[in-house]
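Right, one structure below, let's go through it.
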Amino acid sequence: MLTQTTTRVLEPADLGAALAVLESAPVENAFVAARVQAAGLDPWRLGGEMWGWYTDGQLRSLCYSGANLVPICATPDAVRAFADRARRNGRRCSSIVGPVEPTTQLWRLLEPSWGPARDVRAHQPLMVTEEPSATVEPDPFVRRIRKDEMEVIMPACVAMFTEEVGVSPMAGDGGLLYQARVAELVGSGRSFARIEDGKVVFKAEIGAATRHACQIQGVWVAPEFRGRGLSETGMAAVLRYALADVAPVVSLYVNDYNTPARAAYRRVGFREVGAFMSVLF
């Protein structure tokens, strides 16, 4: 019998209740929802635990604890409970990421024992659109990457990740997990690029994807091609694919200090509807 308020690790039998929480905010929860829909709640398949916060016997909030720590629909009381559990377990994640308010509170509670962070990105606008771009013509040369083009796309993926995160994804395990993730996106038809003379000029992926929403990630233009509007025409092309083939709502989030990218996404038709926060270790 559950007490009035409690937190516990969810089990496979809790899948329906967990999905109901995730689908209550389908855009901001797309990343975790996609993982749960694919893997269920078994920690081995999910790649981490899903913690649940119950109020009056009802599951109200979640927290994914794996490579990332992600508060989901988390009330202040739930965040405190999740922080207590995270402190007891010790830090096992490489980042904390989620909507600004609960993530800010979670980091404030964890920083004394987990800090300092390598980087804190306190405000990353969440942008969405439900329509193809009305003002930017899609780049006709942006296309899906084929499975036999992994050697072409990988250097661009590594360059993007290193530039964005500040560390190479090839460190540690030699990049095996990162290469597997890139291969998964290529194999599922969610990796896109414009390639000229065997080199990637523009690239982006549709990362998280559910029937409600999907998220564009990894947007990158080769340095020597920047300033030519390729990010806008490339994004318009990926957006067209996403809306036609994946989900009715397309989202992304971007660092608030990246003014050129925010302006480019607005020109393509994205609008800001909220914000994320990321704490990187």
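Lettering and numbering for the structure tokens are positional, with chains as A, B, ... in the shown order, residues counted from 1 in each chain, and ligands counted from 1 in the shown order.
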
Excluding Gln124 (chain A) and residues on its chain fewer than 2 positions from it, collect all residues at most 12 Å away from it, counting only C-alpha atoms, and give them as a compact mmCIF listing (two decimals) with all heavy atoms, in the first residue's frame.
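The resulting selection07.txt:
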# COMPACT_ATOMS: atom_id res chain seq x y z
N VAL A 97 19.35 17.19 -17.47
CA VAL A 97 18.70 17.98 -18.51
C VAL A 97 17.19 17.87 -18.36
O VAL A 97 16.67 16.80 -18.02
CB VAL A 97 19.15 17.54 -19.92
CG1 VAL A 97 18.82 16.09 -20.17
CG2 VAL A 97 18.56 18.43 -21.01
N GLY A 98 16.50 18.98 -18.60
CA GLY A 98 15.05 18.97 -18.52
C GLY A 98 14.50 20.38 -18.54
O GLY A 98 15.25 21.35 -18.68
N PRO A 99 13.19 20.52 -18.38
CA PRO A 99 12.58 21.85 -18.33
C PRO A 99 13.22 22.71 -17.24
O PRO A 99 13.64 22.20 -16.19
CB PRO A 99 11.11 21.54 -18.01
CG PRO A 99 10.90 20.16 -18.55
CD PRO A 99 12.18 19.44 -18.31
N VAL A 100 13.29 24.01 -17.49
CA VAL A 100 14.08 24.90 -16.66
C VAL A 100 13.73 24.83 -15.17
O VAL A 100 14.63 24.66 -14.33
CB VAL A 100 13.93 26.36 -17.16
CG1 VAL A 100 14.40 27.34 -16.09
CG2 VAL A 100 14.77 26.57 -18.41
N GLU A 101 12.47 24.96 -14.81
CA GLU A 101 12.13 25.09 -13.39
C GLU A 101 12.51 23.87 -12.57
O GLU A 101 13.24 23.99 -11.57
CB GLU A 101 10.65 25.44 -13.24
CG GLU A 101 10.32 26.87 -13.69
CD GLU A 101 8.90 27.26 -13.34
OE1 GLU A 101 8.24 26.52 -12.59
OE2 GLU A 101 8.45 28.31 -13.83
N THR A 103 14.55 21.45 -13.32
CA THR A 103 15.98 21.16 -13.45
C THR A 103 16.81 22.13 -12.63
O THR A 103 17.82 21.74 -12.02
CB THR A 103 16.40 21.19 -14.93
OG1 THR A 103 15.53 20.33 -15.67
CG2 THR A 103 17.83 20.71 -15.11
N VAL A 120 27.13 24.76 -17.12
CA VAL A 120 25.70 24.88 -16.82
C VAL A 120 25.08 25.78 -17.87
O VAL A 120 25.46 26.95 -18.00
CB VAL A 120 25.45 25.45 -15.42
CG1 VAL A 120 23.95 25.64 -15.18
CG2 VAL A 120 26.04 24.53 -14.35
N ARG A 121 24.15 25.25 -18.62
CA ARG A 121 23.43 26.02 -19.64
C ARG A 121 22.02 26.24 -19.11
O ARG A 121 21.15 25.39 -19.23
CB ARG A 121 23.45 25.28 -20.97
CG ARG A 121 24.90 25.08 -21.43
CD ARG A 121 25.05 24.30 -22.69
NE ARG A 121 26.48 24.14 -23.00
CZ ARG A 121 26.94 23.54 -24.08
NH1 ARG A 121 26.10 23.00 -24.96
NH2 ARG A 121 28.25 23.44 -24.28
N ALA A 122 21.86 27.39 -18.47
CA ALA A 122 20.70 27.63 -17.63
C ALA A 122 19.42 27.91 -18.40
O ALA A 122 18.32 27.79 -17.83
CB ALA A 122 20.97 28.79 -16.67
N LEU A 126 13.18 26.19 -26.00
CA LEU A 126 12.51 25.08 -26.68
C LEU A 126 11.65 25.67 -27.79
O LEU A 126 10.81 26.54 -27.53
CB LEU A 126 11.65 24.29 -25.70
CG LEU A 126 10.78 23.17 -26.28
CD1 LEU A 126 11.63 22.05 -26.87
CD2 LEU A 126 9.83 22.63 -25.21
N MET A 127 11.87 25.22 -29.03
CA MET A 127 11.19 25.78 -30.18
C MET A 127 10.39 24.69 -30.89
O MET A 127 10.84 23.54 -30.96
CB MET A 127 12.20 26.43 -31.13
CG MET A 127 13.14 27.42 -30.46
SD MET A 127 14.32 28.22 -31.58
CE MET A 127 13.24 29.42 -32.40
N LEU A 252 12.92 21.46 -31.21
CA LEU A 252 14.37 21.47 -30.99
C LEU A 252 14.62 22.40 -29.81
O LEU A 252 13.76 23.19 -29.44
CB LEU A 252 15.12 21.95 -32.24
CG LEU A 252 14.77 23.34 -32.81
CD1 LEU A 252 15.55 24.46 -32.11
CD2 LEU A 252 15.07 23.38 -34.29
N TYR A 253 15.79 22.28 -29.21
CA TYR A 253 16.18 23.29 -28.24
C TYR A 253 17.60 23.74 -28.52
O TYR A 253 18.39 23.00 -29.09
CB TYR A 253 15.96 22.85 -26.78
CG TYR A 253 16.77 21.70 -26.27
CD1 TYR A 253 17.94 21.91 -25.54
CD2 TYR A 253 16.33 20.38 -26.43
CE1 TYR A 253 18.67 20.85 -25.03
CE2 TYR A 253 17.05 19.31 -25.92
CZ TYR A 253 18.22 19.56 -25.21
OH TYR A 253 18.94 18.51 -24.70
N VAL A 254 17.88 24.98 -28.18
CA VAL A 254 19.10 25.65 -28.62
C VAL A 254 19.65 26.49 -27.48
O VAL A 254 18.89 26.98 -26.63
CB VAL A 254 18.78 26.52 -29.87
CG1 VAL A 254 17.72 27.57 -29.55
CG2 VAL A 254 20.03 27.19 -30.44
N ASN A 255 20.95 26.67 -27.42
CA ASN A 255 21.54 27.52 -26.39
C ASN A 255 21.09 28.97 -26.58
O ASN A 255 21.09 29.48 -27.71
CB ASN A 255 23.06 27.44 -26.43
CG ASN A 255 23.58 26.07 -26.05
OD1 ASN A 255 23.13 25.49 -25.07
ND2 ASN A 255 24.51 25.54 -26.82
N ASP A 256 20.73 29.63 -25.48
CA ASP A 256 20.21 31.00 -25.61
C ASP A 256 21.24 31.97 -26.15
O ASP A 256 20.89 32.96 -26.79
CB ASP A 256 19.63 31.49 -24.28
CG ASP A 256 20.64 31.51 -23.16
OD1 ASP A 256 21.78 31.06 -23.34
OD2 ASP A 256 20.27 31.99 -22.05
N TYR A 257 22.53 31.67 -25.94
CA TYR A 257 23.57 32.58 -26.43
C TYR A 257 23.85 32.41 -27.93
O TYR A 257 24.58 33.20 -28.53
CB TYR A 257 24.86 32.40 -25.64
CG TYR A 257 25.39 30.98 -25.59
CD1 TYR A 257 26.07 30.41 -26.67
CD2 TYR A 257 25.22 30.20 -24.45
CE1 TYR A 257 26.55 29.11 -26.63
CE2 TYR A 257 25.70 28.90 -24.39
CZ TYR A 257 26.37 28.37 -25.48
OH TYR A 257 26.83 27.08 -25.43
N ASN A 258 23.27 31.37 -28.52
CA ASN A 258 23.48 31.14 -29.95
C ASN A 258 22.46 31.95 -30.75
O ASN A 258 21.52 31.41 -31.34
CB ASN A 258 23.36 29.65 -30.27
CG ASN A 258 23.90 29.31 -31.66
OD1 ASN A 258 24.11 30.19 -32.49
ND2 ASN A 258 24.15 28.03 -31.90
N THR A 259 22.65 33.25 -30.74
CA THR A 259 21.70 34.17 -31.37
C THR A 259 21.50 33.89 -32.86
O THR A 259 20.35 33.90 -33.34
CB THR A 259 22.14 35.62 -31.15
OG1 THR A 259 22.31 35.84 -29.74
CG2 THR A 259 21.11 36.60 -31.69
N ALA A 261 21.67 31.06 -34.51
CA ALA A 261 20.86 29.86 -34.70
C ALA A 261 19.40 30.11 -34.35
O ALA A 261 18.49 29.69 -35.07
CB ALA A 261 21.41 28.71 -33.85
N ARG A 262 19.16 30.81 -33.25
CA ARG A 262 17.78 31.11 -32.85
C ARG A 262 17.08 31.92 -33.94
O ARG A 262 15.91 31.66 -34.27
CB ARG A 262 17.76 31.86 -31.53
CG ARG A 262 18.21 31.03 -30.34
CD ARG A 262 18.36 31.84 -29.07
NE ARG A 262 17.08 32.36 -28.58
CZ ARG A 262 16.96 33.14 -27.53
NH1 ARG A 262 18.07 33.53 -26.87
NH2 ARG A 262 15.77 33.55 -27.12
N GLU A 272 9.37 29.93 -30.02
CA GLU A 272 9.79 29.52 -28.69
C GLU A 272 8.56 29.32 -27.80
O GLU A 272 7.70 30.19 -27.72
CB GLU A 272 10.74 30.56 -28.09
CG GLU A 272 12.04 30.67 -28.88
CD GLU A 272 13.05 31.64 -28.28
OE1 GLU A 272 12.83 32.08 -27.12
OE2 GLU A 272 14.06 31.95 -28.94
N VAL A 273 8.52 28.15 -27.14
CA VAL A 273 7.36 27.82 -26.30
C VAL A 273 7.75 27.49 -24.86
O VAL A 273 6.89 27.24 -24.02
CB VAL A 273 6.56 26.64 -26.89
CG1 VAL A 273 5.99 27.00 -28.25
CG2 VAL A 273 7.43 25.38 -26.98
N GLY A 274 9.02 27.47 -24.57
CA GLY A 274 9.50 27.13 -23.22
C GLY A 274 11.00 27.12 -23.22
O GLY A 274 11.63 27.68 -24.12
N ALA A 275 11.59 26.47 -22.24
CA ALA A 275 13.05 26.41 -22.17
C ALA A 275 13.50 25.20 -21.39
O ALA A 275 12.82 24.73 -20.47
CB ALA A 275 13.61 27.68 -21.53
N PHE A 276 14.66 24.68 -21.78
CA PHE A 276 15.33 23.59 -21.09
C PHE A 276 16.54 24.15 -20.34
O PHE A 276 16.96 25.28 -20.54
CB PHE A 276 15.79 22.53 -22.08
CG PHE A 276 14.75 21.51 -22.44
CD1 PHE A 276 13.50 21.88 -22.92
CD2 PHE A 276 15.01 20.16 -22.31
CE1 PHE A 276 12.54 20.96 -23.26
CE2 PHE A 276 14.06 19.20 -22.64
CZ PHE A 276 12.83 19.60 -23.11
N MET A 277 17.11 23.30 -19.50
CA MET A 277 18.36 23.59 -18.82
C MET A 277 19.22 22.33 -18.88
O MET A 277 18.70 21.21 -18.78
CB MET A 277 18.12 23.97 -17.36
CG MET A 277 19.38 24.16 -16.53
SD MET A 277 18.96 24.55 -14.80
CE MET A 277 20.62 24.63 -14.08
N SER A 278 20.53 22.50 -19.09
CA SER A 278 21.44 21.37 -19.12
C SER A 278 22.61 21.63 -18.19
O SER A 278 23.19 22.71 -18.18
CB SER A 278 21.98 21.14 -20.55
OG SER A 278 20.95 20.79 -21.43
N VAL A 279 22.93 20.62 -17.38
CA VAL A 279 24.10 20.65 -16.51
C VAL A 279 25.02 19.55 -17.00
O VAL A 279 24.64 18.37 -17.00
CB VAL A 279 23.72 20.41 -15.04
CG1 VAL A 279 24.95 20.44 -14.15
CG2 VAL A 279 22.68 21.44 -14.57

Subject >> Close residues, Tyr265 (chain A) itself excluded, 9 Å, only C-alpha atoms, min 6 positions apart in chain, as a list in words >> reply: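 Everything that qualifies: Met127, Ser231, Glu232, Met235, Ala236 and Arg271 of chain A.
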
Counting only C-alpha atoms, which residues of region 189-211 of chain A fall within 8 Å of region 141-145 of chain A, and what is the closest atom pair for each with its distance in Å at one decimal, ordered by chain and rising number, as CSV?
residue,atom,partner,partner_atom,distance
A:Gly189,CA,A:Arg144,CA,6.2
A:Arg190,CA,A:Arg144,CA,7.0
A:Ser191,CA,A:Ile145,CA,5.6
A:Phe192,CA,A:Arg144,CA,4.5
A:Ala193,CA,A:Val142,CA,5.1
A:Arg194,CA,A:Val142,CA,4.4
A:Ile195,CA,A:Phe141,CA,7.7
A:Phe202,CA,A:Val142,CA,7.8

**OP:** May I have all residues of region 113-266 of chain A that DSSP, computed from the backbone, assigns to strand (DSSP E or B), given as a VMD selection string?
**Re:** chain A and resid 119 to 129 143 to 144 191 to 196 199 to 209 214 to 221 250 to 253

Would you write out those residues with C-alpha atoms, as a PDB file, in the first residue's frame?
ATOM      1  CA  ASP A 119      29.180  23.620 -17.735  1.00  0.00           C
ATOM      2  CA  VAL A 120      25.705  24.877 -16.825  1.00  0.00           C
ATOM      3  CA  ARG A 121      23.432  26.018 -19.639  1.00  0.00           C
ATOM      4  CA  ALA A 122      20.695  27.630 -17.631  1.00  0.00           C
ATOM      5  CA  HIS A 123      18.303  28.653 -20.408  1.00  0.00           C
ATOM      6  CA  GLN A 124      17.958  26.775 -23.700  1.00  0.00           C
ATOM      7  CA  PRO A 125      14.846  27.886 -25.607  1.00  0.00           C
ATOM      8  CA  LEU A 126      12.513  25.078 -26.684  1.00  0.00           C
ATOM      9  CA  MET A 127      11.186  25.784 -30.179  1.00  0.00           C
ATOM     10  CA  VAL A 128       8.374  24.073 -32.098  1.00  0.00           C
ATOM     11  CA  THR A 129       6.469  24.176 -35.360  1.00  0.00           C
ATOM     12  CA  ARG A 143      18.762  13.873 -48.226  1.00  0.00           C
ATOM     13  CA  ARG A 144      18.713  10.815 -46.022  1.00  0.00           C
ATOM     14  CA  SER A 191      19.981  11.162 -40.414  1.00  0.00           C
ATOM     15  CA  PHE A 192      20.122  13.869 -43.092  1.00  0.00           C
ATOM     16  CA  ALA A 193      22.899  15.756 -44.837  1.00  0.00           C
ATOM     17  CA  ARG A 194      24.023  17.695 -47.856  1.00  0.00           C
ATOM     18  CA  ILE A 195      27.204  16.148 -49.209  1.00  0.00           C
ATOM     19  CA  GLU A 196      29.522  17.807 -51.722  1.00  0.00           C
ATOM     20  CA  LYS A 199      32.242  15.901 -47.553  1.00  0.00           C
ATOM     21  CA  VAL A 200      29.322  16.833 -45.338  1.00  0.00           C
ATOM     22  CA  VAL A 201      28.347  20.478 -45.779  1.00  0.00           C
ATOM     23  CA  PHE A 202      25.198  20.452 -43.614  1.00  0.00           C
ATOM     24  CA  LYS A 203      23.770  17.770 -41.353  1.00  0.00           C
ATOM     25  CA  ALA A 204      21.013  17.191 -38.814  1.00  0.00           C
ATOM     26  CA  GLU A 205      19.150  14.272 -37.304  1.00  0.00           C
ATOM     27  CA  ILE A 206      15.654  13.567 -36.105  1.00  0.00           C
ATOM     28  CA  GLY A 207      16.562  12.182 -32.686  1.00  0.00           C
ATOM     29  CA  ALA A 208      13.691  11.452 -30.335  1.00  0.00           C
ATOM     30  CA  ALA A 209      10.501  10.512 -32.152  1.00  0.00           C
ATOM     31  CA  CYS A 214       9.864  14.559 -32.708  1.00  0.00           C
ATOM     32  CA  GLN A 215      13.030  16.491 -31.991  1.00  0.00           C
ATOM     33  CA  ILE A 216      15.660  17.710 -34.440  1.00  0.00           C
ATOM     34  CA  GLN A 217      19.199  17.539 -33.081  1.00  0.00           C
ATOM     35  CA  GLY A 218      22.824  17.718 -34.157  1.00  0.00           C
ATOM     36  CA  VAL A 219      22.389  20.641 -36.551  1.00  0.00           C
ATOM     37  CA  TRP A 220      25.808  21.460 -37.999  1.00  0.00           C
ATOM     38  CA  VAL A 221      27.311  23.355 -40.941  1.00  0.00           C
ATOM     39  CA  VAL A 250       8.661  19.139 -34.639  1.00  0.00           C
ATOM     40  CA  SER A 251      10.791  20.603 -31.859  1.00  0.00           C
ATOM     41  CA  LEU A 252      14.367  21.471 -30.989  1.00  0.00           C
ATOM     42  CA  TYR A 253      16.180  23.294 -28.239  1.00  0.00           C
TER      43      TYR A 253
END

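Among the candidate residues A:Leu176, A:Leu46, A:Leu62, A:Val182, the one lying nearest to Arg146 (chain A) is A:Val182, with distances computed using only C-alpha atoms.
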
**OP:** Identify, on the basis of only C-alpha atoms, every residue whose closest approach to region 5-16 of chain A does not exceed 6 Å; exclude the query and any residue fewer than 2 positions from it along the same chain; express the result as a PyMOL selection string.
**Re:** chain A and resi 3+18-19+41-42+50-55

How about saving the chosen residues, N, CA and C atoms kept, as a CSV table (one decimal), in the first residue's frame?
chain,number,residue,atom,x,y,z
A,3,THR,N,2.0,5.0,0.6
A,3,THR,CA,1.7,6.1,1.5
A,3,THR,C,1.2,7.3,0.7
A,18,ALA,N,3.1,5.4,-16.6
A,18,ALA,CA,4.3,6.2,-16.9
A,18,ALA,C,4.1,6.9,-18.3
A,19,LEU,N,3.5,6.1,-19.2
A,19,LEU,CA,3.2,6.7,-20.5
A,19,LEU,C,2.2,7.8,-20.4
A,41,LEU,N,10.0,-0.3,-19.3
A,41,LEU,CA,10.6,0.2,-18.1
A,41,LEU,C,11.6,-0.7,-17.5
A,42,ASP,N,11.9,-1.8,-18.1
A,42,ASP,CA,13.0,-2.7,-17.6
A,42,ASP,C,14.3,-1.9,-17.7
A,50,MET,N,13.6,4.3,-14.0
A,50,MET,CA,12.6,5.3,-14.1
A,50,MET,C,12.0,5.4,-12.6
A,51,TRP,N,12.2,6.6,-12.0
A,51,TRP,CA,11.7,6.8,-10.7
A,51,TRP,C,10.3,7.5,-10.8
A,52,GLY,N,9.4,7.0,-9.9
A,52,GLY,CA,8.1,7.6,-10.0
A,52,GLY,C,7.7,8.3,-8.6
A,53,TRP,N,7.0,9.4,-8.7
A,53,TRP,CA,6.6,10.1,-7.5
A,53,TRP,C,5.0,10.0,-7.5
A,54,TYR,N,4.6,9.5,-6.4
A,54,TYR,CA,3.1,9.2,-6.2
A,54,TYR,C,2.5,10.2,-5.2
A,55,THR,N,1.4,10.7,-5.5
A,55,THR,CA,0.6,11.5,-4.6
A,55,THR,C,-0.8,10.9,-4.5

**OP:** Might you pull out every residue within 12 Å of Ala213 (chain A), with only C-alpha atoms counted and same-chain residues fewer than 6 positions away left off, and present them as a list in words?
**Re:**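 In the requested form, the answer reads Leu22, Glu23, Ala25, Pro26, Val27, Glu28, Asn29, Ala30, Phe31, Val32, Ala33, Ala34, Val128, Thr129, Glu130, Ile206, Gly207, Ala242, Leu243, Asp245, Val246, Ala247, Pro248, Val249, Val250, Ser251 and Leu252 of chain A.
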
Original post:
Rounded to one decimal in Å, what is the spacing between CA of Arg35 (chain A) and CA of Gly48 (chain A)?
Top reply: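 Taking CA of Arg35 (chain A) as the start and CA of Gly48 (chain A) as the end point, the length is 10.4 Å.
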
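Among the candidates A:Ala159, A:Gln179, A:His212, A:Glu137, the one nearest to Arg267 (chain A) when counting only C-alpha atoms is A:Glu137.
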
Subject >> Gap from CA of Val158 (chain A) to CA of Met170 (chain A) - Å, one decimal >> reply: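 Result for CA of Val158 (chain A) versus CA of Met170 (chain A): 7.6 Å, one decimal.
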
**OP:** Measure the distance from CA of Ser61 (chain A) to CA of Thr75 (chain A) in Å and round it to one decimal.
**Re:** 6.9 Å

Contact check, region 147-170 of chain A to region 84-95 of chain A, at most 12 Å, counting only C-alpha atoms, closest pairs as a tab-separated table:
residue	atom	partner	partner_atom	distance
A:Val165	CA	A:Ser95	CA	10.6
A:Val167	CA	A:Ser94	CA	11.6
A:Pro169	CA	A:Ser94	CA	11.9
